[in-house]
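A.B. asks: Sharing coords_0.pdb below, PDB, C-alpha atoms and all ligand atoms:
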ATOM      1  CA  MET A   1      74.562  86.471  90.786
ATOM      2  CA  THR A   2      77.645  88.676  91.003
ATOM      3  CA  ARG A   3      81.245  87.586  91.323
ATOM      4  CA  SER A   4      81.363  88.777  94.938
ATOM      5  CA  ASP A   5      78.274  86.672  95.793
ATOM      6  CA  LEU A   6      80.085  83.593  94.602
ATOM      7  CA  ALA A   7      83.475  84.274  96.120
ATOM      8  CA  THR A   8      83.966  84.675  99.832
ATOM      9  CA  ILE A   9      87.114  84.925 101.909
ATOM     10  CA  HIS A  10      86.711  84.946 105.667
ATOM     11  CA  THR A  11      89.480  85.960 108.030
ATOM     12  CA  THR A  12      89.319  85.405 111.766
ATOM     13  CA  ALA A  13      92.131  86.794 113.876
ATOM     14  CA  GLN A  14      91.142  84.963 117.057
ATOM     15  CA  ILE A  15      92.321  81.395 117.085
ATOM     16  CA  GLN A  16      90.511  79.449 119.732
ATOM     17  CA  SER A  17      90.153  75.844 118.752
ATOM     18  CA  SER A  18      92.714  73.529 117.227
ATOM     19  CA  ASP A  19      89.779  71.524 115.784
ATOM     20  CA  VAL A  20      88.967  74.346 113.394
ATOM     21  CA  PRO A  21      91.136  74.053 110.279
ATOM     22  CA  ALA A  22      93.575  76.907 109.613
ATOM     23  CA  VAL A  23      92.388  76.926 106.012
ATOM     24  CA  ALA A  24      89.168  75.498 104.556
ATOM     25  CA  ILE A  25      88.730  75.650 100.786
ATOM     26  CA  LYS A  26      85.305  74.698  99.459
ATOM     27  CA  GLN A  27      84.146  74.186  95.886
ATOM     28  CA  LEU A  28      86.840  76.541  94.656
ATOM     29  CA  GLU A  29      87.001  77.526  91.009
ATOM     30  CA  HIS A  30      89.170  80.097  89.352
ATOM     31  CA  ALA A  31      89.497  81.271  85.771
ATOM     32  CA  TYR A  32      91.448  84.022  84.033
ATOM     33  CA  GLY A  33      88.942  85.025  81.348
ATOM     34  CA  ASN A  34      88.158  81.792  79.491
ATOM     35  CA  LEU A  35      91.150  79.964  80.953
ATOM     36  CA  SER A  36      89.961  77.658  83.728
ATOM     37  CA  VAL A  37      92.858  77.221  86.174
ATOM     38  CA  ILE A  38      91.254  75.636  89.246
ATOM     39  CA  GLU A  39      88.126  73.487  89.299
ATOM     40  CA  ASN A  40      86.093  71.724  91.980
ATOM     41  CA  PHE A  41      88.825  72.176  94.577
ATOM     42  CA  ASN A  42      88.238  71.217  98.215
ATOM     43  CA  LEU A  43      90.946  71.167 100.871
ATOM     44  CA  GLU A  44      91.366  71.593 104.616
ATOM     45  CA  ILE A  45      94.692  72.440 106.237
ATOM     46  CA  ARG A  46      95.118  71.792 109.966
ATOM     47  CA  ARG A  47      96.508  74.462 112.258
ATOM     48  CA  HIS A  48     100.331  74.205 112.295
ATOM     49  CA  GLU A  49     100.313  71.618 109.530
ATOM     50  CA  PHE A  50     103.082  71.854 106.936
ATOM     51  CA  LEU A  51     101.449  71.249 103.565
ATOM     52  CA  ALA A  52     103.468  71.036 100.352
ATOM     53  CA  ILE A  53     101.885  71.444  96.924
ATOM     54  CA  VAL A  54     103.516  69.973  93.837
ATOM     55  CA  GLY A  55     102.250  69.623  90.285
ATOM     56  CA  PRO A  56     103.107  70.126  86.625
ATOM     57  CA  SER A  57     104.344  73.519  85.465
ATOM     58  CA  GLY A  58     101.478  75.907  84.737
ATOM     59  CA  CYS A  59      98.827  73.814  86.520
ATOM     60  CA  GLY A  60      97.804  76.605  88.907
ATOM     61  CA  LYS A  61      99.979  76.316  92.035
ATOM     62  CA  THR A  62     100.885  80.008  92.258
ATOM     63  CA  THR A  63      97.276  80.923  91.484
ATOM     64  CA  LEU A  64      96.189  78.789  94.432
ATOM     65  CA  LEU A  65      98.631  80.654  96.724
ATOM     66  CA  SER A  66      97.404  84.011  95.391
ATOM     67  CA  LEU A  67      93.854  82.963  96.236
ATOM     68  CA  LEU A  68      94.926  81.791  99.700
ATOM     69  CA  SER A  69      96.695  85.086 100.338
ATOM     70  CA  GLY A  70      93.617  87.057  99.293
ATOM     71  CA  TYR A  71      95.580  88.765  96.507
ATOM     72  CA  GLU A  72      93.270  87.144  93.930
ATOM     73  CA  GLN A  73      89.525  86.722  94.465
ATOM     74  CA  PRO A  74      88.151  83.325  93.432
ATOM     75  CA  THR A  75      85.691  83.130  90.585
ATOM     76  CA  LYS A  76      83.571  80.736  92.650
ATOM     77  CA  GLY A  77      83.659  78.954  96.009
ATOM     78  CA  SER A  78      85.041  79.960  99.382
ATOM     79  CA  ILE A  79      88.305  80.110 101.302
ATOM     80  CA  ALA A  80      88.096  80.416 105.093
ATOM     81  CA  ARG A  81      91.362  81.324 106.810
ATOM     82  CA  LEU A  82      91.959  81.336 110.524
ATOM     83  CA  GLY A  83      94.419  84.152 111.179
ATOM     84  CA  GLU A  84      96.771  86.419 109.306
ATOM     85  CA  VAL A  85      98.617  85.319 106.184
ATOM     86  CA  ARG A  86     102.166  86.132 105.062
ATOM     87  CA  MET A  87     103.696  85.318 101.688
ATOM     88  CA  ILE A  88     107.384  84.502 101.111
ATOM     89  CA  TYR A  89     108.453  84.667  97.477
ATOM     90  CA  GLN A  90     111.169  82.954  95.507
ATOM     91  CA  GLN A  91     113.100  86.054  94.560
ATOM     92  CA  GLY A  92     114.296  88.505  97.135
ATOM     93  CA  GLY A  93     111.469  90.619  98.442
ATOM     94  CA  LEU A  94     113.999  92.518 100.554
ATOM     95  CA  PHE A  95     114.428  96.239 100.015
ATOM     96  CA  PRO A  96     118.023  96.696  98.785
ATOM     97  CA  TRP A  97     118.364 100.176 100.294
ATOM     98  CA  LEU A  98     117.446  98.954 103.798
ATOM     99  CA  THR A  99     119.702  97.038 106.186
ATOM    100  CA  VAL A 100     118.858  93.576 107.480
ATOM    101  CA  ALA A 101     117.544  95.123 110.732
ATOM    102  CA  GLU A 102     115.449  97.673 108.836
ATOM    103  CA  ASN A 103     114.025  95.002 106.525
ATOM    104  CA  ILE A 104     113.012  92.822 109.477
ATOM    105  CA  GLY A 105     111.734  95.960 111.234
ATOM    106  CA  LEU A 106     109.092  96.311 108.512
ATOM    107  CA  GLY A 107     107.479  93.211 109.981
ATOM    108  CA  LEU A 108     107.381  94.843 113.424
ATOM    109  CA  LYS A 109     105.526  98.030 112.575
ATOM    110  CA  ARG A 110     102.435  96.942 114.449
ATOM    111  CA  LEU A 111     104.261  96.860 117.793
ATOM    112  CA  PRO A 112     103.402 100.040 119.671
ATOM    113  CA  ASN A 113     106.676 101.082 121.286
ATOM    114  CA  ALA A 114     110.298 101.316 120.162
ATOM    115  CA  LYS A 115     111.665  99.278 123.064
ATOM    116  CA  GLU A 116     109.371  96.349 122.256
ATOM    117  CA  ARG A 117     110.275  96.561 118.567
ATOM    118  CA  GLN A 118     114.013  96.484 119.393
ATOM    119  CA  LYS A 119     113.564  93.472 121.691
ATOM    120  CA  LYS A 120     111.627  91.569 119.050
ATOM    121  CA  LEU A 121     114.139  92.524 116.356
ATOM    122  CA  GLU A 122     116.999  91.097 118.419
ATOM    123  CA  GLU A 123     114.964  87.955 119.048
ATOM    124  CA  MET A 124     114.303  87.498 115.322
ATOM    125  CA  LEU A 125     117.954  88.127 114.380
ATOM    126  CA  ALA A 126     118.998  85.489 116.916
ATOM    127  CA  LEU A 127     116.325  83.076 115.644
ATOM    128  CA  VAL A 128     117.748  83.142 112.119
ATOM    129  CA  GLU A 129     121.340  83.328 113.448
ATOM    130  CA  LEU A 130     122.142  86.677 111.843
ATOM    131  CA  PRO A 131     122.832  89.102 114.737
ATOM    132  CA  MET A 132     126.261  89.925 113.251
ATOM    133  CA  PHE A 133     124.620  91.076 110.023
ATOM    134  CA  ALA A 134     122.023  93.463 111.438
ATOM    135  CA  ASP A 135     123.660  96.452 109.717
ATOM    136  CA  SER A 136     124.490  94.705 106.443
ATOM    137  CA  TYR A 137     122.619  95.401 103.212
ATOM    138  CA  PRO A 138     121.018  92.592 101.156
ATOM    139  CA  HIS A 139     123.746  92.717  98.468
ATOM    140  CA  GLN A 140     126.305  91.864 101.173
ATOM    141  CA  LEU A 141     124.527  88.586 102.004
ATOM    142  CA  SER A 142     124.510  85.143 100.396
ATOM    143  CA  GLY A 143     121.264  83.862  98.836
ATOM    144  CA  GLY A 144     120.638  81.624 101.847
ATOM    145  CA  MET A 145     121.158  84.500 104.285
ATOM    146  CA  LYS A 146     118.714  86.675 102.324
ATOM    147  CA  GLN A 147     116.069  83.960 102.564
ATOM    148  CA  ARG A 148     116.687  83.746 106.322
ATOM    149  CA  VAL A 149     116.067  87.510 106.588
ATOM    150  CA  GLU A 150     112.836  87.008 104.590
ATOM    151  CA  LEU A 151     111.829  84.303 107.028
ATOM    152  CA  ALA A 152     112.620  86.503 110.039
ATOM    153  CA  ARG A 153     110.542  89.329 108.575
ATOM    154  CA  ALA A 154     107.632  87.001 107.826
ATOM    155  CA  LEU A 155     107.740  85.466 111.318
ATOM    156  CA  ALA A 156     108.248  88.778 113.124
ATOM    157  CA  ASP A 157     104.652  89.898 112.928
ATOM    158  CA  ASP A 158     103.224  86.725 114.462
ATOM    159  CA  SER A 159     101.106  85.962 111.406
ATOM    160  CA  ASP A 160      99.572  82.504 111.560
ATOM    161  CA  ILE A 161      99.808  81.157 108.028
ATOM    162  CA  LEU A 162     102.985  81.275 105.935
ATOM    163  CA  LEU A 163     102.618  80.875 102.187
ATOM    164  CA  MET A 164     105.878  80.033 100.442
ATOM    165  CA  ASP A 165     106.229  80.052  96.650
ATOM    166  CA  GLU A 166     109.432  78.221  95.713
ATOM    167  CA  PRO A 167     111.335  80.038  98.465
ATOM    168  CA  PHE A 168     114.623  78.163  97.988
ATOM    169  CA  SER A 169     114.666  77.559  94.246
ATOM    170  CA  SER A 170     117.293  80.205  93.495
ATOM    171  CA  LEU A 171     119.771  78.555  95.906
ATOM    172  CA  ASP A 172     122.295  75.789  95.238
ATOM    173  CA  TYR A 173     121.582  72.293  96.546
ATOM    174  CA  ILE A 174     123.689  72.547  99.723
ATOM    175  CA  ALA A 175     122.214  75.945 100.640
ATOM    176  CA  ARG A 176     118.718  74.569 100.013
ATOM    177  CA  LEU A 177     119.374  71.632 102.332
ATOM    178  CA  GLN A 178     120.707  73.953 105.042
ATOM    179  CA  LEU A 179     117.698  76.264 104.701
ATOM    180  CA  ARG A 180     115.327  73.326 104.987
ATOM    181  CA  GLN A 181     116.966  72.264 108.271
ATOM    182  CA  GLU A 182     116.855  75.869 109.404
ATOM    183  CA  LEU A 183     113.168  76.206 108.556
ATOM    184  CA  GLY A 184     112.415  72.995 110.449
ATOM    185  CA  ARG A 185     114.268  74.310 113.507
ATOM    186  CA  ILE A 186     112.566  77.725 113.350
ATOM    187  CA  LEU A 187     109.108  76.187 112.979
ATOM    188  CA  SER A 188     109.713  73.940 115.981
ATOM    189  CA  LEU A 189     110.345  77.132 117.996
ATOM    190  CA  ARG A 190     107.637  79.239 116.292
ATOM    191  CA  PRO A 191     104.956  76.876 114.998
ATOM    192  CA  ARG A 192     102.977  78.117 112.007
ATOM    193  CA  THR A 193     100.647  76.710 109.405
ATOM    194  CA  VAL A 194     102.760  76.530 106.244
ATOM    195  CA  VAL A 195     101.757  76.057 102.625
ATOM    196  CA  LEU A 196     104.783  75.479 100.408
ATOM    197  CA  VAL A 197     104.652  75.388  96.609
ATOM    198  CA  THR A 198     107.691  73.657  95.182
ATOM    199  CA  HIS A 199     108.978  71.846  92.097
ATOM    200  CA  ASP A 200     111.486  70.023  94.286
ATOM    201  CA  LEU A 201     109.869  66.695  95.201
ATOM    202  CA  GLU A 202     112.603  65.799  97.691
ATOM    203  CA  GLU A 203     112.099  69.175  99.396
ATOM    204  CA  ALA A 204     108.356  68.492  99.669
ATOM    205  CA  ALA A 205     108.950  65.049 101.205
ATOM    206  CA  HIS A 206     111.677  66.376 103.518
ATOM    207  CA  LEU A 207     109.640  69.281 104.913
ATOM    208  CA  ALA A 208     105.942  68.500 104.751
ATOM    209  CA  ASP A 209     103.499  66.648 106.976
ATOM    210  CA  ARG A 210     101.380  66.145 103.863
ATOM    211  CA  VAL A 211     102.043  66.605 100.157
ATOM    212  CA  ILE A 212      99.290  67.152  97.635
ATOM    213  CA  VAL A 213      99.914  66.463  93.960
ATOM    214  CA  LEU A 214      97.927  68.603  91.530
ATOM    215  CA  SER A 215      96.751  67.477  88.107
ATOM    216  CA  GLU A 216      97.398  69.313  84.857
ATOM    217  CA  ARG A 217      95.384  72.555  84.515
ATOM    218  CA  PRO A 218      92.650  72.985  85.583
ATOM    219  CA  ALA A 219      94.191  71.922  88.866
ATOM    220  CA  ARG A 220      92.476  69.246  90.912
ATOM    221  CA  ILE A 221      93.953  67.180  93.723
ATOM    222  CA  GLN A 222      95.356  64.086  92.008
ATOM    223  CA  CYS A 223      96.537  62.464  95.236
ATOM    224  CA  GLU A 224      97.820  63.279  98.693
ATOM    225  CA  LEU A 225     100.625  61.644 100.635
ATOM    226  CA  VAL A 226     101.204  61.823 104.388
ATOM    227  CA  VAL A 227     104.880  61.830 105.390
ATOM    228  CA  ASN A 228     105.236  59.694 108.499
ATOM    229  CA  ALA A 229     108.689  60.764 109.662
ATOM    230  CA  PRO A 230     109.620  62.280 113.033
ATOM    231  CA  ARG A 231     111.055  65.782 113.462
ATOM    232  CA  PRO A 232     113.723  67.001 113.237
ATOM    233  CA  ARG A 233     113.565  65.365 109.830
ATOM    234  CA  ASN A 234     116.364  63.356 108.349
ATOM    235  CA  LEU A 235     116.608  63.344 104.546
ATOM    236  CA  THR A 236     117.579  59.672 104.641
ATOM    237  CA  HIS A 237     114.570  58.626 106.752
ATOM    238  CA  PRO A 238     112.776  55.787 104.890
ATOM    239  CA  ALA A 239     109.444  57.686 104.889
ATOM    240  CA  VAL A 240     111.103  60.718 103.241
ATOM    241  CA  ILE A 241     112.802  58.542 100.616
ATOM    242  CA  GLU A 242     109.615  56.585  99.945
ATOM    243  CA  THR A 243     107.529  59.757  99.630
ATOM    244  CA  THR A 244     110.039  61.242  97.157
ATOM    245  CA  GLN A 245     109.840  58.053  95.071
ATOM    246  CA  ARG A 246     106.051  58.002  95.170
ATOM    247  CA  LEU A 247     105.955  61.671  94.122
ATOM    248  CA  LEU A 248     108.245  60.913  91.163
ATOM    249  CA  ILE A 249     105.843  58.147  90.110
ATOM    250  CA  GLU A 250     102.727  60.319  90.641
ATOM    251  CA  MET A 251     104.274  63.070  88.517
ATOM    252  CA  GLY A 252     105.013  60.533  85.760
ATOM    253  CA  LEU A 253     108.754  61.081  86.100
ATOM    254  CA  GLU A 254     109.591  57.493  87.037
ATOM    255  CA  GLY A 255     107.832  54.166  86.465
ATOM    256  CA  ALA A 256     106.373  52.193  89.375
ATOM    257  CA  PRO A 257     108.812  49.519  90.664
ATOM    258  CA  LYS A 258     108.279  46.098  89.018
TER
HETATM  259  N1  LIG A 301      97.309  87.027  86.097
HETATM  260  C1  LIG A 301      97.085  86.101  85.161
HETATM  261  N2  LIG A 301      96.338  86.391  84.066
HETATM  262  C2  LIG A 301      96.076  85.457  83.141
HETATM  263  N3  LIG A 301      96.532  84.193  83.183
HETATM  264  C3  LIG A 301      97.288  83.854  84.243
HETATM  265  C4  LIG A 301      97.610  84.794  85.272
HETATM  266  N4  LIG A 301      98.371  84.147  86.197
HETATM  267  C5  LIG A 301      98.530  82.890  85.761
HETATM  268  N5  LIG A 301      97.893  82.703  84.584
HETATM  269  C6  LIG A 301      97.798  81.449  83.830
HETATM  270  O1  LIG A 301      97.234  80.501  84.711
HETATM  271  C7  LIG A 301      97.862  79.229  84.542
HETATM  272  C8  LIG A 301      98.418  78.771  85.901
HETATM  273  O2  LIG A 301      99.490  79.641  86.260
HETATM  274  P1  LIG A 301     100.245  79.485  87.653
HETATM  275  O3  LIG A 301     101.317  80.504  87.685
HETATM  276  O4  LIG A 301      99.264  79.465  88.737
HETATM  277  O5  LIG A 301     100.858  78.016  87.482
HETATM  278  P2  LIG A 301     102.016  77.288  88.317
HETATM  279  O6  LIG A 301     101.523  75.890  88.532
HETATM  280  O7  LIG A 301     102.381  78.075  89.501
HETATM  281  O8  LIG A 301     103.186  77.328  87.246
HETATM  282  P3  LIG A 301     104.765  77.070  87.456
HETATM  283  O9  LIG A 301     104.888  75.715  88.069
HETATM  284  O10 LIG A 301     105.298  77.089  86.046
HETATM  285  O11 LIG A 301     105.280  78.163  88.315
HETATM  286  C9  LIG A 301      98.928  79.403  83.474
HETATM  287  O12 LIG A 301      98.396  78.941  82.254
HETATM  288  C10 LIG A 301      99.149  80.911  83.422
HETATM  289  O13 LIG A 301      99.478  81.323  82.119
END
Let me see whether you can do it: turn the structure in this file into structure tokens.
C.D. replies:
Amino acid sequence: MTRSDLATIHTTAQIQSSDVPAVAIKQLEHAYGNLSVIENFNLEIRRHEFLAIVGPSGCGKTTLLSLLSGYEQPTKGSIARLGEVRMIYQQGGLFPWLTVAENIGLGLKRLPNAKERQKKLEEMLALVELPMFADSYPHQLSGGMKQRVELARALADDSDILLMDEPFSSLDYIARLQLRQELGRILSLRPRTVVLVTHDLEEAAHLADRVIVLSERPARIQCELVVNAPRPRNLTHPAVIETTQRLLIEMGLEGAPK
């Protein structure tokens, strides 16, 4: 049996039923040579669910996102995705020689006419509250503003699934908090299925509907926590605080309360 017989990725652009999961991962395995990174991995992600993934360093979180994006092909198993996927990285993926408007415009290439592209561009600039910076270059923006441009570009093309790999980790704590609120607001206006990989347990609890904790490599799902807090989310909501504490315990960073 060949590698391609074992590994299948299905993409369906038409989204018709909210009963069908946005992502269905079955019996997934992945290895780099002899290094087994993911084993016996099964997961379903609901349409418009916000799923956060946490786990020890090197356990396979980024590999999982690469497999979800289709960038890597799994060694074994299948990943079914309903819709288009966009990836937002930790470090600026913006082109430094292009303005904010031109960077966002890259996400609008599929729109057929210039008038429509301009209308959508203005809408996206307003969505991330950056209309005044349309003609600025990335080096003229703060880290938080750059991430907002990344978000606008990722959301501009109406993709259905956003994959985020530590998108806020290069920002200071206050900027991270602001970006989280911003992301929550934007997603309430433009719902998407989101998969967020983060080392920040508070961020996971603050943003996600569900958090999965991965084991040491090879990654398996060690546990999953549902965050029962209303939106817009408040960092001091008891469910967010409790989830953060439970994540600390699950990750072995704090003992269970006596
Ligand atoms: N392209 C690759 N070729 C070979 N090995 C790789 C490759 N990418 C990742 N690995 C290995 O796979 C394992 C998982 O890496 P991965 O980056 O997925 O972990 P991670 O959980 O995202 O790590 P971190 O939390 O430190 O960012 C690591 O041991 C890494 O060295």
A.B. asks: Taking all atoms listed in the file into account, list the residues no farther than 9 Å from ligand LIG 301 (chain A), as an mmCIF file with C-alpha atoms, keeping the file's coordinate frame.
C.D. replies:
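Below you can see result-v5.cif, which holds the result:
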data_model
loop_
_atom_site.group_PDB
_atom_site.id
_atom_site.type_symbol
_atom_site.label_atom_id
_atom_site.label_comp_id
_atom_site.auth_asym_id
_atom_site.auth_seq_id
_atom_site.Cartn_x
_atom_site.Cartn_y
_atom_site.Cartn_z
ATOM 1 C CA ALA A 31 89.497 81.271 85.771
ATOM 2 C CA TYR A 32 91.448 84.022 84.033
ATOM 3 C CA GLY A 33 88.942 85.025 81.348
ATOM 4 C CA LEU A 35 91.150 79.964 80.953
ATOM 5 C CA SER A 36 89.961 77.658 83.728
ATOM 6 C CA VAL A 37 92.858 77.221 86.174
ATOM 7 C CA ILE A 38 91.254 75.636 89.246
ATOM 8 C CA VAL A 54 103.516 69.973 93.837
ATOM 9 C CA GLY A 55 102.250 69.623 90.285
ATOM 10 C CA PRO A 56 103.107 70.126 86.625
ATOM 11 C CA SER A 57 104.344 73.519 85.465
ATOM 12 C CA GLY A 58 101.478 75.907 84.737
ATOM 13 C CA CYS A 59 98.827 73.814 86.520
ATOM 14 C CA GLY A 60 97.804 76.605 88.907
ATOM 15 C CA LYS A 61 99.979 76.316 92.035
ATOM 16 C CA THR A 62 100.885 80.008 92.258
ATOM 17 C CA THR A 63 97.276 80.923 91.484
ATOM 18 C CA LEU A 64 96.189 78.789 94.432
ATOM 19 C CA LEU A 65 98.631 80.654 96.724
ATOM 20 C CA SER A 66 97.404 84.011 95.391
ATOM 21 C CA GLU A 72 93.270 87.144 93.930
ATOM 22 C CA ASP A 165 106.229 80.052 96.650
ATOM 23 C CA GLU A 166 109.432 78.221 95.713
ATOM 24 C CA VAL A 197 104.652 75.388 96.609
ATOM 25 C CA THR A 198 107.691 73.657 95.182
ATOM 26 C CA HIS A 199 108.978 71.846 92.097
ATOM 27 C CA LEU A 214 97.927 68.603 91.530
ATOM 28 C CA GLU A 216 97.398 69.313 84.857
ATOM 29 C CA ARG A 217 95.384 72.555 84.515
ATOM 30 C CA PRO A 218 92.650 72.985 85.583
ATOM 31 C CA ALA A 219 94.191 71.922 88.866
#
A.B. asks: Where does the PyMOL selection byres (((chain A and resi 224) around 10) and not hetatm) land in this file, that is, which residues does it pick, as a PDB file with C-alpha atoms, in the coordinates of the input?
C.D. replies:
ATOM      1  CA  ALA A  52     103.468  71.036 100.352  1.00  0.00           C
ATOM      2  CA  ILE A  53     101.885  71.444  96.924  1.00  0.00           C
ATOM      3  CA  ARG A 210     101.380  66.145 103.863  1.00  0.00           C
ATOM      4  CA  VAL A 211     102.043  66.605 100.157  1.00  0.00           C
ATOM      5  CA  ILE A 212      99.290  67.152  97.635  1.00  0.00           C
ATOM      6  CA  VAL A 213      99.914  66.463  93.960  1.00  0.00           C
ATOM      7  CA  LEU A 214      97.927  68.603  91.530  1.00  0.00           C
ATOM      8  CA  ILE A 221      93.953  67.180  93.723  1.00  0.00           C
ATOM      9  CA  GLN A 222      95.356  64.086  92.008  1.00  0.00           C
ATOM     10  CA  CYS A 223      96.537  62.464  95.236  1.00  0.00           C
ATOM     11  CA  LEU A 225     100.625  61.644 100.635  1.00  0.00           C
ATOM     12  CA  VAL A 226     101.204  61.823 104.388  1.00  0.00           C
ATOM     13  CA  VAL A 227     104.880  61.830 105.390  1.00  0.00           C
ATOM     14  CA  LEU A 247     105.955  61.671  94.122  1.00  0.00           C
ATOM     15  CA  GLU A 250     102.727  60.319  90.641  1.00  0.00           C
TER      16      GLU A 250
END
A.B. asks: Please write as a ChimeraX atom specification the full residue list that the PyMOL selection byres (((chain A and resi 86) around 8) and not hetatm) yields on this file.
C.D. replies: /A:69,84-85,87-88,154,159-163
A.B. asks: Taking all atoms listed in the file into account, name the residue in A:Leu82, A:Leu177, A:Val195, A:Ile186 that is nearest to Asp19 of chain A.
C.D. replies: A:Leu82
A.B. asks: Padding of 5 Å on every side, edges along x, y and z, all listed atoms of segment 241-247 of chain A included: what centre and edge lengths in Å, to one decimal, does that box have, as JSON?
C.D. replies:
{"center_x": 109.4, "center_y": 59.1, "center_z": 97.4, "size_x": 16.8, "size_y": 15.1, "size_z": 16.5}
